[in-house]
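Engineer: The following file, target_5.txt, comprises compact mmCIF, N, CA and C atoms:
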# COMPACT_ATOMS: atom_id res chain seq x y z
N MET H 1 -18.01 139.59 24.21
CA MET H 1 -17.98 138.22 24.66
C MET H 1 -17.06 138.10 25.87
N ASN H 2 -17.52 137.44 26.90
CA ASN H 2 -16.70 137.25 28.10
C ASN H 2 -15.78 136.06 27.92
N THR H 3 -14.54 136.24 28.34
CA THR H 3 -13.60 135.12 28.32
C THR H 3 -13.31 134.73 29.75
N ILE H 4 -13.09 133.47 29.96
CA ILE H 4 -12.84 132.96 31.30
C ILE H 4 -11.39 133.24 31.69
N SER H 5 -11.19 133.55 32.93
CA SER H 5 -9.85 133.81 33.45
C SER H 5 -9.03 132.52 33.38
N PRO H 6 -7.73 132.62 33.10
CA PRO H 6 -6.91 131.40 33.08
C PRO H 6 -6.85 130.71 34.44
N TYR H 7 -6.98 131.48 35.52
CA TYR H 7 -6.98 130.89 36.86
C TYR H 7 -8.23 130.05 37.08
N LEU H 8 -9.38 130.58 36.68
CA LEU H 8 -10.63 129.83 36.83
C LEU H 8 -10.66 128.61 35.92
N TYR H 9 -10.13 128.77 34.72
CA TYR H 9 -10.09 127.65 33.78
C TYR H 9 -9.28 126.50 34.38
N LEU H 10 -8.10 126.79 34.91
CA LEU H 10 -7.26 125.76 35.51
C LEU H 10 -7.95 125.13 36.71
N LEU H 11 -8.55 125.94 37.56
CA LEU H 11 -9.23 125.42 38.75
C LEU H 11 -10.40 124.53 38.37
N ASN H 12 -11.20 124.94 37.39
CA ASN H 12 -12.34 124.12 36.96
C ASN H 12 -11.89 122.80 36.35
N GLN H 13 -10.86 122.83 35.52
CA GLN H 13 -10.37 121.61 34.91
C GLN H 13 -9.82 120.65 35.97
N LEU H 14 -9.16 121.20 36.98
CA LEU H 14 -8.64 120.38 38.08
C LEU H 14 -9.78 119.72 38.84
N LYS H 15 -10.82 120.48 39.13
CA LYS H 15 -11.98 119.93 39.85
C LYS H 15 -12.67 118.84 39.03
N PHE H 16 -12.84 119.06 37.73
CA PHE H 16 -13.47 118.06 36.87
C PHE H 16 -12.64 116.77 36.82
N ALA H 17 -11.34 116.91 36.68
CA ALA H 17 -10.47 115.74 36.58
C ALA H 17 -10.48 114.93 37.87
N VAL H 18 -10.47 115.61 39.01
CA VAL H 18 -10.48 114.91 40.29
C VAL H 18 -11.82 114.24 40.52
N ALA H 19 -12.91 114.87 40.11
CA ALA H 19 -14.24 114.27 40.26
C ALA H 19 -14.35 112.99 39.43
N LYS H 20 -13.69 112.97 38.27
CA LYS H 20 -13.70 111.77 37.42
C LYS H 20 -12.58 110.80 37.77
N LYS H 21 -11.73 111.18 38.71
CA LYS H 21 -10.58 110.38 39.15
C LYS H 21 -9.63 110.07 37.99
N ASN H 22 -9.39 111.08 37.18
CA ASN H 22 -8.44 110.94 36.07
C ASN H 22 -7.01 110.94 36.59
N TYR H 23 -6.17 110.16 35.95
CA TYR H 23 -4.75 110.11 36.31
C TYR H 23 -4.05 111.40 35.90
N TYR H 24 -4.46 111.96 34.78
CA TYR H 24 -3.94 113.25 34.30
C TYR H 24 -5.00 113.91 33.45
N PHE H 25 -4.80 115.18 33.16
CA PHE H 25 -5.67 115.87 32.23
C PHE H 25 -4.85 116.88 31.44
N LEU H 26 -5.40 117.30 30.33
CA LEU H 26 -4.71 118.18 29.39
C LEU H 26 -5.43 119.53 29.36
N ILE H 27 -4.67 120.62 29.44
CA ILE H 27 -5.27 121.95 29.39
C ILE H 27 -4.57 122.80 28.35
N ARG H 28 -5.26 123.86 27.92
CA ARG H 28 -4.64 124.88 27.08
C ARG H 28 -3.85 125.79 28.01
N TYR H 29 -2.60 125.96 27.73
CA TYR H 29 -1.69 126.68 28.62
C TYR H 29 -1.60 128.14 28.23
N SER H 30 -1.57 129.03 29.23
CA SER H 30 -1.27 130.44 29.01
C SER H 30 -0.18 130.84 30.00
N SER H 31 0.48 131.94 29.72
CA SER H 31 1.62 132.34 30.55
C SER H 31 1.23 132.67 31.99
N LYS H 32 -0.02 133.08 32.23
CA LYS H 32 -0.46 133.39 33.59
C LYS H 32 -0.58 132.14 34.46
N MET H 33 -0.72 130.98 33.86
CA MET H 33 -0.94 129.74 34.62
C MET H 33 0.33 129.21 35.27
N LYS H 34 1.49 129.59 34.79
CA LYS H 34 2.75 129.01 35.28
C LYS H 34 2.92 129.21 36.78
N SER H 35 2.68 130.42 37.29
CA SER H 35 2.85 130.67 38.72
C SER H 35 1.79 129.93 39.54
N LEU H 36 0.58 129.80 39.00
CA LEU H 36 -0.46 129.06 39.71
C LEU H 36 -0.15 127.56 39.73
N LEU H 37 0.38 127.03 38.64
CA LEU H 37 0.78 125.62 38.63
C LEU H 37 1.89 125.36 39.65
N ASN H 38 2.86 126.26 39.72
CA ASN H 38 3.92 126.11 40.72
C ASN H 38 3.37 126.18 42.14
N LEU H 39 2.40 127.05 42.37
CA LEU H 39 1.77 127.16 43.69
C LEU H 39 0.99 125.89 44.03
N PHE H 40 0.23 125.36 43.08
CA PHE H 40 -0.51 124.11 43.32
C PHE H 40 0.46 122.96 43.60
N TYR H 41 1.60 122.95 42.93
CA TYR H 41 2.61 121.93 43.19
C TYR H 41 3.17 122.08 44.60
N LYS H 42 3.43 123.30 45.01
CA LYS H 42 3.96 123.55 46.35
C LYS H 42 2.96 123.19 47.44
N LEU H 43 1.66 123.40 47.17
CA LEU H 43 0.60 123.06 48.13
C LEU H 43 0.18 121.60 48.04
N ASN H 44 0.82 120.82 47.17
CA ASN H 44 0.56 119.38 47.00
C ASN H 44 -0.84 119.10 46.47
N LEU H 45 -1.37 119.98 45.65
CA LEU H 45 -2.63 119.72 44.98
C LEU H 45 -2.41 118.96 43.67
N ILE H 46 -1.24 119.15 43.06
CA ILE H 46 -0.87 118.40 41.88
C ILE H 46 0.51 117.77 42.09
N ARG H 47 0.72 116.60 41.47
CA ARG H 47 2.00 115.91 41.59
C ARG H 47 3.06 116.52 40.70
N ARG H 48 2.66 116.81 39.47
CA ARG H 48 3.59 117.39 38.51
C ARG H 48 2.81 117.93 37.33
N PHE H 49 3.51 118.66 36.49
CA PHE H 49 2.94 119.15 35.24
C PHE H 49 4.04 119.18 34.20
N THR H 50 3.68 118.83 32.99
CA THR H 50 4.64 118.84 31.88
C THR H 50 3.99 119.50 30.68
N PHE H 51 4.81 120.08 29.85
CA PHE H 51 4.32 120.78 28.67
C PHE H 51 4.46 119.89 27.44
N LYS H 52 3.34 119.67 26.76
CA LYS H 52 3.36 118.90 25.52
C LYS H 52 3.82 119.78 24.38
N SER H 53 3.37 121.03 24.38
CA SER H 53 3.79 122.02 23.39
C SER H 53 3.71 123.39 24.07
N SER H 54 3.85 124.43 23.30
CA SER H 54 3.80 125.77 23.91
C SER H 54 2.39 126.15 24.36
N THR H 55 1.36 125.43 23.89
CA THR H 55 -0.01 125.76 24.27
C THR H 55 -0.73 124.65 25.02
N LEU H 56 -0.12 123.48 25.16
CA LEU H 56 -0.76 122.37 25.86
C LEU H 56 0.09 121.90 27.03
N CYS H 57 -0.61 121.54 28.11
CA CYS H 57 0.08 121.14 29.33
C CYS H 57 -0.64 119.94 29.95
N TYR H 58 0.13 118.90 30.32
CA TYR H 58 -0.40 117.76 31.08
C TYR H 58 -0.27 118.07 32.57
N ILE H 59 -1.35 117.83 33.32
CA ILE H 59 -1.34 118.04 34.77
C ILE H 59 -1.77 116.75 35.44
N PHE H 60 -1.02 116.37 36.48
CA PHE H 60 -1.26 115.13 37.22
C PHE H 60 -1.69 115.48 38.64
N PRO H 61 -2.98 115.30 38.98
CA PRO H 61 -3.44 115.61 40.35
C PRO H 61 -2.83 114.66 41.37
N THR H 62 -2.79 115.09 42.62
CA THR H 62 -2.27 114.28 43.72
C THR H 62 -3.39 113.44 44.30
N TYR H 63 -3.15 112.15 44.43
CA TYR H 63 -4.07 111.24 45.09
C TYR H 63 -3.28 110.45 46.13
N ASN H 64 -3.82 110.30 47.32
CA ASN H 64 -3.24 109.40 48.31
C ASN H 64 -4.34 108.90 49.24
N ARG H 65 -4.00 107.98 50.10
CA ARG H 65 -5.01 107.36 50.97
C ARG H 65 -5.45 108.27 52.10
N LEU H 66 -4.55 109.07 52.62
CA LEU H 66 -4.85 109.85 53.81
C LEU H 66 -5.65 111.11 53.51
N ASN H 67 -5.26 111.85 52.51
CA ASN H 67 -5.92 113.11 52.20
C ASN H 67 -6.90 112.94 51.05
N LYS H 68 -7.91 113.79 51.03
CA LYS H 68 -8.77 113.82 49.86
C LYS H 68 -7.93 114.33 48.70
N PRO H 69 -8.26 113.93 47.48
CA PRO H 69 -7.44 114.36 46.35
C PRO H 69 -7.41 115.88 46.19
N ILE H 70 -8.51 116.53 46.49
CA ILE H 70 -8.52 117.99 46.43
C ILE H 70 -9.37 118.49 47.59
N ARG H 71 -8.84 119.48 48.26
CA ARG H 71 -9.58 120.04 49.37
C ARG H 71 -10.64 121.00 48.83
N TYR H 72 -11.43 121.55 49.72
CA TYR H 72 -12.47 122.49 49.32
C TYR H 72 -11.83 123.80 48.89
N ILE H 73 -12.13 124.25 47.69
CA ILE H 73 -11.58 125.50 47.17
C ILE H 73 -12.74 126.41 46.81
N LYS H 74 -12.79 127.58 47.44
CA LYS H 74 -13.83 128.57 47.18
C LYS H 74 -13.26 129.67 46.31
N ASN H 75 -13.89 129.89 45.17
CA ASN H 75 -13.43 130.89 44.21
C ASN H 75 -13.98 132.26 44.60
N TYR H 76 -13.12 133.27 44.65
CA TYR H 76 -13.53 134.64 44.92
C TYR H 76 -13.11 135.58 43.79
N TYR H 77 -12.55 135.05 42.72
CA TYR H 77 -12.07 135.90 41.64
C TYR H 77 -13.24 136.39 40.80
N ARG H 78 -13.21 137.68 40.48
CA ARG H 78 -14.18 138.25 39.55
C ARG H 78 -13.50 139.39 38.81
N SER H 79 -13.84 139.54 37.56
CA SER H 79 -13.17 140.55 36.73
C SER H 79 -13.69 141.95 37.01
N VAL H 80 -14.95 142.09 37.40
CA VAL H 80 -15.53 143.39 37.74
C VAL H 80 -15.54 143.51 39.26
N ASN H 81 -15.01 144.60 39.77
CA ASN H 81 -14.91 144.86 41.21
C ASN H 81 -14.21 143.72 41.96
N PRO H 82 -12.96 143.45 41.64
CA PRO H 82 -12.26 142.36 42.35
C PRO H 82 -12.04 142.72 43.82
N ILE H 83 -11.93 141.70 44.65
CA ILE H 83 -11.69 141.90 46.08
C ILE H 83 -10.19 142.09 46.28
N THR H 84 -9.82 143.25 46.77
CA THR H 84 -8.42 143.57 46.98
C THR H 84 -8.14 143.57 48.48
N LEU H 85 -7.10 142.87 48.88
CA LEU H 85 -6.70 142.79 50.29
C LEU H 85 -5.35 143.47 50.47
N LYS H 86 -5.30 144.39 51.42
CA LYS H 86 -4.04 145.04 51.74
C LYS H 86 -3.34 144.25 52.82
N LYS H 87 -2.12 144.63 53.12
CA LYS H 87 -1.32 143.93 54.13
C LYS H 87 -2.03 143.90 55.48
N HIS H 88 -2.63 145.01 55.86
CA HIS H 88 -3.32 145.09 57.15
C HIS H 88 -4.51 144.12 57.19
N SER H 89 -5.24 144.01 56.09
CA SER H 89 -6.37 143.06 56.01
C SER H 89 -5.88 141.63 56.16
N LEU H 90 -4.76 141.31 55.53
CA LEU H 90 -4.21 139.96 55.64
C LEU H 90 -3.77 139.66 57.07
N LEU H 91 -3.22 140.65 57.74
CA LEU H 91 -2.82 140.45 59.14
C LEU H 91 -4.03 140.15 60.02
N LEU H 92 -5.15 140.85 59.77
CA LEU H 92 -6.37 140.61 60.54
C LEU H 92 -6.99 139.25 60.21
N MET H 93 -6.93 138.85 58.93
CA MET H 93 -7.52 137.58 58.51
C MET H 93 -6.71 136.38 58.99
N ARG H 94 -5.42 136.58 59.23
CA ARG H 94 -4.53 135.46 59.55
C ARG H 94 -5.00 134.66 60.76
N ARG H 95 -5.52 135.36 61.76
CA ARG H 95 -5.96 134.67 62.98
C ARG H 95 -7.24 133.86 62.76
N SER H 96 -8.13 134.35 61.90
CA SER H 96 -9.40 133.66 61.71
C SER H 96 -9.34 132.55 60.66
N LEU H 97 -8.26 132.46 59.90
CA LEU H 97 -8.18 131.48 58.83
C LEU H 97 -7.94 130.06 59.31
N GLY H 98 -7.20 129.88 60.37
CA GLY H 98 -6.86 128.54 60.81
C GLY H 98 -5.90 127.90 59.83
N ALA H 99 -6.26 126.72 59.32
CA ALA H 99 -5.40 125.98 58.40
C ALA H 99 -5.67 126.36 56.94
N ALA H 100 -6.58 127.28 56.69
CA ALA H 100 -6.91 127.66 55.32
C ALA H 100 -5.77 128.47 54.69
N THR H 101 -5.72 128.42 53.38
CA THR H 101 -4.71 129.16 52.62
C THR H 101 -5.41 130.10 51.65
N VAL H 102 -5.06 131.37 51.72
CA VAL H 102 -5.61 132.37 50.81
C VAL H 102 -4.63 132.53 49.65
N VAL H 103 -5.14 132.46 48.43
CA VAL H 103 -4.32 132.62 47.24
C VAL H 103 -4.59 134.00 46.66
N LEU H 104 -3.52 134.79 46.48
CA LEU H 104 -3.62 136.16 46.00
C LEU H 104 -2.85 136.34 44.70
N GLU H 105 -3.35 137.24 43.86
CA GLU H 105 -2.58 137.67 42.70
C GLU H 105 -1.96 139.01 43.06
N THR H 106 -0.64 139.06 43.10
CA THR H 106 0.08 140.25 43.51
C THR H 106 0.97 140.74 42.38
N SER H 107 1.70 141.80 42.66
CA SER H 107 2.66 142.29 41.68
C SER H 107 3.83 141.33 41.51
N HIS H 108 4.02 140.42 42.48
CA HIS H 108 5.07 139.41 42.42
C HIS H 108 4.57 138.08 41.85
N GLY H 109 3.34 138.05 41.34
CA GLY H 109 2.77 136.82 40.80
C GLY H 109 1.70 136.27 41.73
N VAL H 110 1.38 135.02 41.58
CA VAL H 110 0.38 134.36 42.43
C VAL H 110 1.08 133.83 43.67
N LEU H 111 0.60 134.26 44.85
CA LEU H 111 1.23 133.89 46.12
C LEU H 111 0.19 133.47 47.13
N THR H 112 0.63 132.75 48.15
CA THR H 112 -0.23 132.48 49.30
C THR H 112 -0.19 133.70 50.21
N HIS H 113 -1.12 133.76 51.16
CA HIS H 113 -1.15 134.90 52.06
C HIS H 113 0.09 134.94 52.96
N ARG H 114 0.64 133.78 53.27
CA ARG H 114 1.86 133.75 54.10
C ARG H 114 3.04 134.39 53.37
N ASP H 115 3.17 134.05 52.08
CA ASP H 115 4.25 134.65 51.28
C ASP H 115 4.05 136.15 51.11
N ALA H 116 2.79 136.56 50.90
CA ALA H 116 2.50 137.99 50.73
C ALA H 116 2.80 138.76 52.01
N LEU H 117 2.48 138.17 53.16
CA LEU H 117 2.78 138.84 54.43
C LEU H 117 4.28 138.93 54.66
N SER H 118 5.02 137.91 54.29
CA SER H 118 6.47 137.97 54.48
C SER H 118 7.11 139.02 53.56
N LEU H 119 6.49 139.25 52.37
CA LEU H 119 6.97 140.30 51.47
C LEU H 119 6.42 141.68 51.83
N GLY H 120 5.37 141.70 52.69
CA GLY H 120 4.77 142.96 53.10
C GLY H 120 3.89 143.59 52.04
N ILE H 121 3.20 142.77 51.24
CA ILE H 121 2.35 143.28 50.17
C ILE H 121 0.96 142.67 50.27
N GLY H 122 0.00 143.28 49.58
CA GLY H 122 -1.35 142.76 49.45
C GLY H 122 -1.59 142.36 48.01
N GLY H 123 -2.85 142.08 47.69
CA GLY H 123 -3.15 141.69 46.33
C GLY H 123 -4.63 141.42 46.12
N THR H 124 -4.97 140.92 44.95
CA THR H 124 -6.34 140.58 44.59
C THR H 124 -6.63 139.15 45.03
N LEU H 125 -7.73 138.95 45.72
CA LEU H 125 -8.12 137.63 46.21
C LEU H 125 -8.57 136.77 45.05
N LEU H 126 -7.94 135.59 44.87
CA LEU H 126 -8.34 134.64 43.84
C LEU H 126 -9.25 133.57 44.43
N PHE H 127 -8.74 132.81 45.41
CA PHE H 127 -9.55 131.80 46.07
C PHE H 127 -8.95 131.42 47.41
N ILE H 128 -9.76 130.72 48.19
CA ILE H 128 -9.34 130.22 49.51
C ILE H 128 -9.41 128.71 49.49
N ILE H 129 -8.34 128.07 49.92
CA ILE H 129 -8.27 126.61 49.98
C ILE H 129 -8.43 126.20 51.44
N PHE H 130 -9.50 125.45 51.74
CA PHE H 130 -9.77 125.00 53.11
C PHE H 130 -9.24 123.61 53.32
For the file at hand, write its structure as C-alpha cells.
Structural biologist:
Amino acid sequence: MNTISPYLYLLNQLKFAVAKKNYYFLIRYSSKMKSLLNLFYKLNLIRRFTFKSSTLCYIFPTYNRLNKPIRYIKNYYRSVNPITLKKHSLLLMRRSLGAATVVLETSHGVLTHRDALSLGIGGTLLFIIF
C-alpha cells in the first residue's frame, strides 16, 4: 500500500483550505512537517501554526488584499526516482527562476534554493513556488 508523503499531505491540505477560504485547518502532524511549516511561515504562505496535541496541528493560511492567498505551487516530489539537484544545477537554475522559489529536501532539512546555495549543498526537489 502506498502512503502519501507528509510534504504532499501538508501541501494538499493547504490548497484545499485556501480554495474553501477557511480561516484555519487541522492536519495530522508528523515530525517531517515541522521544517516545512517553518519554511511556509518564512515565505508568508501561512500566518501561524499551533499544536493541539502531539499528532494534531492547527494551520492558519495567510490572506490579504494585495497578494493571492497562495501562489502557484508545482509539485515535483516523487518517491521513485526523485529529482536530485546538485549545487552546480542550482547555480544554473538561479538565473532562469526569476522570482520563483525552489524548495529542496537536504541533509539540513527542508530549505529554499537560496539557503542551499549559501550552505553550498544540493538536495531532492520537492516543489517550486511561483
Engineer: Quick check for you: according to DSSP on this backbone, which residues of stretch 41-124 of chain H are classed as strand (DSSP E)? Reply as a list of chain:residue names.
Structural biologist: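 Filtering stretch 41-124 of chain H down to strand (DSSP E) leaves H:Ile46, H:Arg47, H:Arg48, H:Phe49, H:Thr50, H:Phe51, H:Leu56, H:Cys57, H:Tyr58, H:Ile59, H:Phe60, H:Pro61, H:Ile73, H:Lys74, H:Asn75, H:Thr84, H:Leu85, H:Thr101, H:Val102, H:Val103, H:Leu104, H:Glu105, H:Thr106, H:Gly109, H:Val110, H:Leu111, H:Thr112, H:Gly123, H:Thr124.
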Engineer: List every residue of stretch 78-130 of chain H that DSSP, applied to the backbone of this structure, places in alpha helix (DSSP H), and write the result as a list in words.
Structural biologist: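 Those residues are Lys87, His88, Ser89, Leu90, Leu91, Leu92, Met93, Arg94, Arg95, Ser96, Leu97, His113, Arg114, Asp115, Ala116, Leu117, Ser118 and Leu119 of chain H.
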Engineer: Separation of atom C of H:Ile129 and atom CA of H:Val103, in Å?
Structural biologist: 8.7 Å
Engineer: As a ChimeraX atom specification, please: the residues near H:His113 (cut-off 6 Å, only N, CA and C atoms, same-chain neighbours under 6 positions excluded).
Structural biologist: /H:101-104
Engineer: Hey, can you check how far atom CA of H:Glu105 sits from atom CA of H:Gly122?
Structural biologist: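 Calculated distance between atom CA of H:Glu105 and atom CA of H:Gly122 is 8.5 Å.
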Engineer: Pick out the residues sitting within 6.5 Å of H:Arg48, and hand them over as a list in words; count only N, CA and C atoms, and ignore anything fewer than 3 positions along from it in its own chain.
Structural biologist: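 Listed by chain and then number, they are Tyr41, Tyr58, Ile59, Phe60 and Pro61 of chain H.
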Engineer: Skipping near chain neighbours, those fewer than 2 positions away, what residues fall within 12 Å of H:Lys15 using only C-alpha atoms, listed as a PyMOL selection string?
Structural biologist: chain H and resi 8-13+17-22+24-25+45-46+59+61-62+69-75
Engineer: Could you please determine the separation between atom CA of H:Arg78 and atom C of H:Leu126 in Å, to one decimal place?
Structural biologist: 8.4 Å
Engineer: Using only C-alpha atoms, which of H:Thr106, H:Thr124, H:Ser118, H:Asn64 sits nearest H:Ser35?
Structural biologist: H:Thr106
Engineer: If you count only C-alpha atoms, which residues fall within 10 Å of H:Lys32, apart from same-chain ones fewer than 6 positions away, as a PyMOL selection string?
Structural biologist: chain H and resi 5-7+109-110
Engineer: Which is closest to H:Tyr76 among H:Tyr23, H:Arg114, H:Ala100, H:Phe127, if we use only C-alpha atoms?
Structural biologist: H:Phe127
Engineer: Measuring between only C-alpha atoms, which one of H:Ser79, H:Arg28, H:Arg65, H:Leu36 shows the shortest distance to H:Ser53?
Structural biologist: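 Looking at the shortest contact to H:Ser53, the residue is H:Arg28.
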Engineer: With distances taken over only C-alpha atoms, which residue among H:Asp115, H:Asn44, H:Tyr29, H:Arg94 lies nearest H:Tyr63?
Structural biologist: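 Selected residue with least distance to H:Tyr63: H:Asn44.
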Engineer: Please determine, counting only N, CA and C atoms, which residue among H:Leu43, H:Ile27, H:Leu91, H:Leu37 has the shortest atom-to-atom distance to H:Leu117.
Structural biologist: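 So, comparing all the options, the nearest one is H:Leu91.
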